[in-house]
Amino acid sequence: MAQKAGVILVVDDERDHADGIAEALEKQCEKAIPVYSGKDALEIVRSREIDVVVTDLKLEGDLDGLAILDEARTYDDKTEVILITAYATIETCKEAIKRGAYDYLVKPIDIGQLRTLVTQAGQKASAAHARRIRKPKADEEPFHFEGVRGRSPAMEGIFEVLRRVAPTNISVLIEGLSGTGKELLARAIHSNSRRWDKPFRPVNCAGLTETLLESELFGHVKGAFTGAAEDRKGLFEIADKGTLFLDEIGDMAQNSQAKLLRVIEDGVVIPVGSNKPTVVDVRIISATNQNLPKLIEAKTFRQDLYFRIKGVNIALPSLRERLEDLPELIDYFLKEAAAEVGSKVTGITDAAVEALARYDWPGNVRQLRNCIRTMVVLCDRDQLDVQDIPPDITQRRQLAGSAQPVAGLGAVSLDELEKKAIEETLAKTKGNREKAAKILGIGERTLYRKIKEYNL
């Protein structure tokens with residue numbers, strides 16, 4: 001009897017096609033996982049070992065089958081990829097094979113032929129994976145935390161909590177300033193949970209009106225409100241058996257808080273404008289940059305909802321509170337950016353690292369990532385150096401490190417420096433907030449809040 005293939009990932013934006021192919025391949029493999037977008041496919045290939053990817057060449061969104069091929073082979077060169085296309089040309093096929101595809105099939109596909117290809121590709125991948133399997137050392141990280149880096153005591157403590165929490169279904173509340181990596185941490189929890197092969201769906205509770213947020217979470221029926229032209233499933237239904245990440249939950253309106261609490265308690269969702277209930281099974285991970293107990297005292301956040309979402313509380317430190325992690329983070333972001341833009345940059349000088357360590361990083365890890373990416377894009381050498389650091393960072397670092405009062409500023413606090421940096425950047429961009437946020441390395445939402453906070 002022929003050996004079965006290992007784990008197969010089927011990628012097709014037409015749900016019926018993906019489900020049908022996965023079902024047809026079940027006997028050829030240990031497990032067949034259907035996904036319906038390139039984004040979901042990347043989450044899986046980055047978080048676990050996949051033997052064969054079967055992907056349609058044409059996918060909705062920014063990622064097509066060739067992009068899935070590139071990413072899958074980049075993350076694990078033992079993974080084999082089979083492309084399915086209705087638009088086969090000699091050039092396309094040559095390009096696919098050149099990039100490392102195992103083979104391709106032209107629609108309408110012959111299921112028997114696909115099964116044969118998957119079996120052959122799966123056996124090749126399984127054998128390659130088996131040859132490199134080894135028992136991890138005692139000090140090695142048994143979990144995969146994509147993008148979450150650090151060896152500081154604070155981060156080691158967080159990793160230990162993740163190891164215990166991830167395999168469970170307990171709700172998690174992540175607290176931290178903007179840019180500290182709350183969504184990355186949520187994705188790491190999902191990727192290491194028993195729900196890893198089910199959807200992970202994030203939603204920004206601060207970025208939508210009350211009506212739109214409820215529609216996004218619970219869905220709506222046609223005519224439920226102005227603009228509801230058709231029935232739409234909410235994220236609770238879409239993320240069924242998976243994970244829902246509620247970012248900036250402290251900004252959620254109180255009416256929405258009450259409805260969210262009811263869904264969490266009952267496991268039943270009712271779309272806006274409907275009376276038809278749907279049972280859902282969703283793990284909740286929430287995040288906030290606010291002090292929820294203070295919001296409870298101010299009666300703007302429900303205490304009963306707080307206790308529901310705070311199964312386990314994780315507090316992410318700011319970057320300036322864990323500067324010992326800076327070299328590891330820089331190295332990770334440098335390699336990520338170089339691979340993304342095809343740069344020849346391979347490293348960074350000690351002087352540049354020391355200069356970056358003297359900066360206070362108000363935008364935290366997100367700002368550092370944007371900074372390193374900018375440096376990589378603009379550098380024409382193989383090593384980043386001090387002269388590659390963006391001017392807005394070097395200027396602010398010099399201000400913060402100056403022993404003499406800056407003319408017109410007197411004794412300068414970090415808040416004053418931040419306010420001045422925002423003022424100067426807005427002036428340079430002629431008030432363009434989107435450009436200003438990119439230069440400062442912070443999110444637009446954070447910039448808007450700072451503008452309001454400093455009365456700019």
# chains A, B, ... in the order shown; residues from 1 in each chain; ligands from 1

call {"tool": "select_by_dssp", "arguments": {"residues": "stretch 70-318 of chain A", "states": "helix (DSSP H, G or I)", "output": "number ranges by chain"}}
result
A: 70-75, 90-98, 111-132, 153-165, 182-191, 210-218, 235-238, 249-251, 254-266, 292-297, 303-309

call {"tool": "residues_around", "arguments": {"residues": "A:Thr116", "least_positions_apart": "5", "cutoff": "9 Å", "atoms": "only C-alpha atoms", "output": "list of chain:residue names"}}
result
A:Gln28, A:Ile111, A:Ala121

call {"tool": "residues_around", "arguments": {"residues": "A:Glu328", "least_positions_apart": "6", "cutoff": "10 Å", "atoms": "only C-alpha atoms", "output": "list in words"}}
result
Arg149, Gly150, Arg151 and Leu334 of chain A

call {"tool": "select_by_dssp", "arguments": {"residues": "stretch 194-345 of chain A", "states": "strand (DSSP E)", "output": "ChimeraX atom specification"}}
result
/A:200-204,219-220,232-233,243-247,268-269,278-279,283-288,312-315

call {"tool": "write_last_selection", "arguments": {"atoms": "N, CA and C atoms", "output": "PDB file, in the first residue's frame"}}
result
ATOM      1  N   PHE A 200      -8.628  33.045  11.968  1.00  0.00           N
ATOM      2  CA  PHE A 200      -8.269  34.090  12.935  1.00  0.00           C
ATOM      3  C   PHE A 200      -8.766  35.397  12.328  1.00  0.00           C
ATOM      4  N   ARG A 201      -9.685  36.069  13.017  1.00  0.00           N
ATOM      5  CA  ARG A 201     -10.275  37.281  12.461  1.00  0.00           C
ATOM      6  C   ARG A 201     -10.102  38.460  13.433  1.00  0.00           C
ATOM      7  N   PRO A 202      -9.340  39.481  13.031  1.00  0.00           N
ATOM      8  CA  PRO A 202      -9.196  40.684  13.864  1.00  0.00           C
ATOM      9  C   PRO A 202     -10.225  41.734  13.495  1.00  0.00           C
ATOM     10  N   VAL A 203     -10.629  42.543  14.472  1.00  0.00           N
ATOM     11  CA  VAL A 203     -11.516  43.684  14.208  1.00  0.00           C
ATOM     12  C   VAL A 203     -11.105  44.825  15.128  1.00  0.00           C
ATOM     13  N   ASN A 204     -11.031  46.030  14.573  1.00  0.00           N
ATOM     14  CA  ASN A 204     -10.657  47.214  15.336  1.00  0.00           C
ATOM     15  C   ASN A 204     -11.921  47.872  15.878  1.00  0.00           C
ATOM     16  N   GLY A 219     -23.089  40.386  11.910  1.00  0.00           N
ATOM     17  CA  GLY A 219     -23.717  40.247  10.605  1.00  0.00           C
ATOM     18  C   GLY A 219     -25.010  41.046  10.529  1.00  0.00           C
ATOM     19  N   HIS A 220     -25.609  41.079   9.357  1.00  0.00           N
ATOM     20  CA  HIS A 220     -26.883  41.771   9.211  1.00  0.00           C
ATOM     21  C   HIS A 220     -27.681  41.144   8.072  1.00  0.00           C
ATOM     22  N   ARG A 232     -25.366  39.572   5.188  1.00  0.00           N
ATOM     23  CA  ARG A 232     -23.922  39.440   5.372  1.00  0.00           C
ATOM     24  C   ARG A 232     -23.625  38.739   6.690  1.00  0.00           C
ATOM     25  N   LYS A 233     -22.743  37.753   6.639  1.00  0.00           N
ATOM     26  CA  LYS A 233     -22.327  37.064   7.861  1.00  0.00           C
ATOM     27  C   LYS A 233     -21.386  37.962   8.662  1.00  0.00           C
ATOM     28  N   THR A 243     -10.698  31.900  16.130  1.00  0.00           N
ATOM     29  CA  THR A 243     -10.388  32.934  17.117  1.00  0.00           C
ATOM     30  C   THR A 243     -10.810  34.300  16.601  1.00  0.00           C
ATOM     31  N   LEU A 244     -11.422  35.099  17.473  1.00  0.00           N
ATOM     32  CA  LEU A 244     -11.797  36.476  17.150  1.00  0.00           C
ATOM     33  C   LEU A 244     -10.950  37.406  18.012  1.00  0.00           C
ATOM     34  N   PHE A 245     -10.254  38.341  17.359  1.00  0.00           N
ATOM     35  CA  PHE A 245      -9.387  39.276  18.067  1.00  0.00           C
ATOM     36  C   PHE A 245     -10.048  40.639  18.090  1.00  0.00           C
ATOM     37  N   LEU A 246     -10.428  41.099  19.273  1.00  0.00           N
ATOM     38  CA  LEU A 246     -11.111  42.382  19.457  1.00  0.00           C
ATOM     39  C   LEU A 246     -10.093  43.427  19.890  1.00  0.00           C
ATOM     40  N   ASP A 247      -9.566  44.168  18.919  1.00  0.00           N
ATOM     41  CA  ASP A 247      -8.543  45.167  19.208  1.00  0.00           C
ATOM     42  C   ASP A 247      -9.190  46.462  19.678  1.00  0.00           C
ATOM     43  N   VAL A 268     -24.413  32.379  21.181  1.00  0.00           N
ATOM     44  CA  VAL A 268     -25.438  32.512  20.140  1.00  0.00           C
ATOM     45  C   VAL A 268     -25.382  33.927  19.579  1.00  0.00           C
ATOM     46  N   VAL A 269     -25.353  34.050  18.254  1.00  0.00           N
ATOM     47  CA  VAL A 269     -25.308  35.346  17.608  1.00  0.00           C
ATOM     48  C   VAL A 269     -26.572  35.558  16.779  1.00  0.00           C
ATOM     49  N   THR A 278     -27.892  31.899  15.663  1.00  0.00           N
ATOM     50  CA  THR A 278     -26.910  30.950  15.153  1.00  0.00           C
ATOM     51  C   THR A 278     -25.923  30.627  16.268  1.00  0.00           C
ATOM     52  N   VAL A 279     -25.697  29.351  16.518  1.00  0.00           N
ATOM     53  CA  VAL A 279     -24.752  28.932  17.559  1.00  0.00           C
ATOM     54  C   VAL A 279     -23.328  29.031  17.013  1.00  0.00           C
ATOM     55  N   ARG A 283     -13.167  31.541  20.153  1.00  0.00           N
ATOM     56  CA  ARG A 283     -12.305  31.962  21.255  1.00  0.00           C
ATOM     57  C   ARG A 283     -12.093  33.475  21.146  1.00  0.00           C
ATOM     58  N   ILE A 284     -12.175  34.178  22.267  1.00  0.00           N
ATOM     59  CA  ILE A 284     -12.039  35.627  22.286  1.00  0.00           C
ATOM     60  C   ILE A 284     -10.670  36.030  22.844  1.00  0.00           C
ATOM     61  N   ILE A 285      -9.939  36.806  22.039  1.00  0.00           N
ATOM     62  CA  ILE A 285      -8.722  37.467  22.515  1.00  0.00           C
ATOM     63  C   ILE A 285      -8.956  38.962  22.325  1.00  0.00           C
ATOM     64  N   SER A 286      -8.784  39.730  23.387  1.00  0.00           N
ATOM     65  CA  SER A 286      -9.029  41.169  23.339  1.00  0.00           C
ATOM     66  C   SER A 286      -7.733  41.920  23.606  1.00  0.00           C
ATOM     67  N   ALA A 287      -7.718  43.186  23.184  1.00  0.00           N
ATOM     68  CA  ALA A 287      -6.543  44.020  23.432  1.00  0.00           C
ATOM     69  C   ALA A 287      -6.977  45.452  23.675  1.00  0.00           C
ATOM     70  N   THR A 288      -6.184  46.165  24.463  1.00  0.00           N
ATOM     71  CA  THR A 288      -6.481  47.567  24.740  1.00  0.00           C
ATOM     72  C   THR A 288      -5.208  48.307  25.116  1.00  0.00           C
ATOM     73  N   VAL A 312      -7.203  35.416  31.139  1.00  0.00           N
ATOM     74  CA  VAL A 312      -5.780  35.565  31.459  1.00  0.00           C
ATOM     75  C   VAL A 312      -5.361  36.936  30.957  1.00  0.00           C
ATOM     76  N   ASN A 313      -4.643  37.668  31.781  1.00  0.00           N
ATOM     77  CA  ASN A 313      -4.204  39.016  31.444  1.00  0.00           C
ATOM     78  C   ASN A 313      -2.719  39.013  31.092  1.00  0.00           C
ATOM     79  N   ILE A 314      -2.357  39.554  29.930  1.00  0.00           N
ATOM     80  CA  ILE A 314      -0.957  39.665  29.521  1.00  0.00           C
ATOM     81  C   ILE A 314      -0.649  41.140  29.297  1.00  0.00           C
ATOM     82  N   ALA A 315       0.347  41.665  30.002  1.00  0.00           N
ATOM     83  CA  ALA A 315       0.746  43.063  29.862  1.00  0.00           C
ATOM     84  C   ALA A 315       2.031  43.135  29.046  1.00  0.00           C
TER      85      ALA A 315
END

call {"tool": "atom_distance", "arguments": {"atom1": "atom CA of A:Gln383", "atom2": "atom CA of A:Gly347"}}
result
4.9 Å

call {"tool": "closest_residue", "arguments": {"among": "A:Ile189, A:Ile238, A:Leu177, A:Ala355", "to": "A:Arg163", "atoms": "only C-alpha atoms"}}
result
A:Ile189

call {"tool": "atom_distance", "arguments": {"atom1": "atom CA of A:Asp16", "atom2": "atom CA of A:Glu80"}}
result
23.2 Å

call {"tool": "closest_atom_pairs", "arguments": {"of": "stretch 249-340 of chain A", "to": "stretch 358-366 of chain A", "cutoff": "7 Å", "atoms": "only C-alpha atoms", "output": "tab-separated table"}}
result
residue	atom	partner	partner_atom	distance
A:Ser318	CA	A:Asn364	CA	6.0
A:Leu319	CA	A:Asn364	CA	5.0
A:Arg320	CA	A:Asp360	CA	5.8

call {"tool": "write_last_selection", "arguments": {"atoms": "C-alpha atoms", "output": "compact mmCIF listing (two decimals), in the first residue's frame"}}
result
# COMPACT_ATOMS: atom_id res chain seq x y z
CA SER A 318 6.92 49.18 25.86
CA LEU A 319 10.05 48.84 23.74
CA ARG A 320 12.00 51.27 25.94

call {"tool": "closest_residue", "arguments": {"among": "A:Ala186, A:Ala86, A:Ala437, A:Ala72", "to": "A:Val172", "atoms": "only C-alpha atoms"}}
result
A:Ala186

call {"tool": "residues_around", "arguments": {"residues": "A:Lys198", "least_positions_apart": "2", "cutoff": "7 Å", "atoms": "only C-alpha atoms", "output": "VMD selection string"}}
result
chain A and resid 195 to 196 200 241 to 242

call {"tool": "residues_around", "arguments": {"residues": "A:Leu305", "least_positions_apart": "6", "cutoff": "12 Å", "atoms": "only C-alpha atoms", "output": "list in words"}}
result
Ser171, Leu173, Ile249, Gly250, Met252, Gln254, Asn255, Ser256, Gln257, Ala258, Lys259, Leu260, Leu261, Arg262, Val263, Ile264, Glu265, Ile284, Ser286, Leu292, Pro293, Ile296 and Gly311 of chain A

call {"tool": "closest_residue", "arguments": {"among": "A:Ile44, A:Glu14, A:Met155, A:Ala125", "to": "A:Glu321", "atoms": "only C-alpha atoms"}}
result
A:Met155

call {"tool": "atom_distance", "arguments": {"atom1": "atom CA of A:Cys93", "atom2": "atom CA of A:Leu117"}}
result
15.9 Å

call {"tool": "residues_around", "arguments": {"residues": "A:Ala24", "least_positions_apart": "5", "cutoff": "12 Å", "atoms": "only C-alpha atoms", "output": "list in words"}}
result
Ile8, Val10, His17, Ala18, Asp19, Cys29, Lys31, Ala32, Ile33, Pro34, Asp110, Ile111, Gly112, Gln113, Leu114, Arg115, Thr116 and Val118 of chain A

call {"tool": "closest_residue", "arguments": {"among": "A:Ala96, A:Ile174, A:Ala67, A:Val148", "to": "A:Glu340", "atoms": "only C-alpha atoms"}}
result
A:Ala67

call {"tool": "closest_residue", "arguments": {"among": "A:Lys222, A:Thr92, A:Lys299, A:Glu71", "to": "A:Ala339", "atoms": "only C-alpha atoms"}}
result
A:Glu71
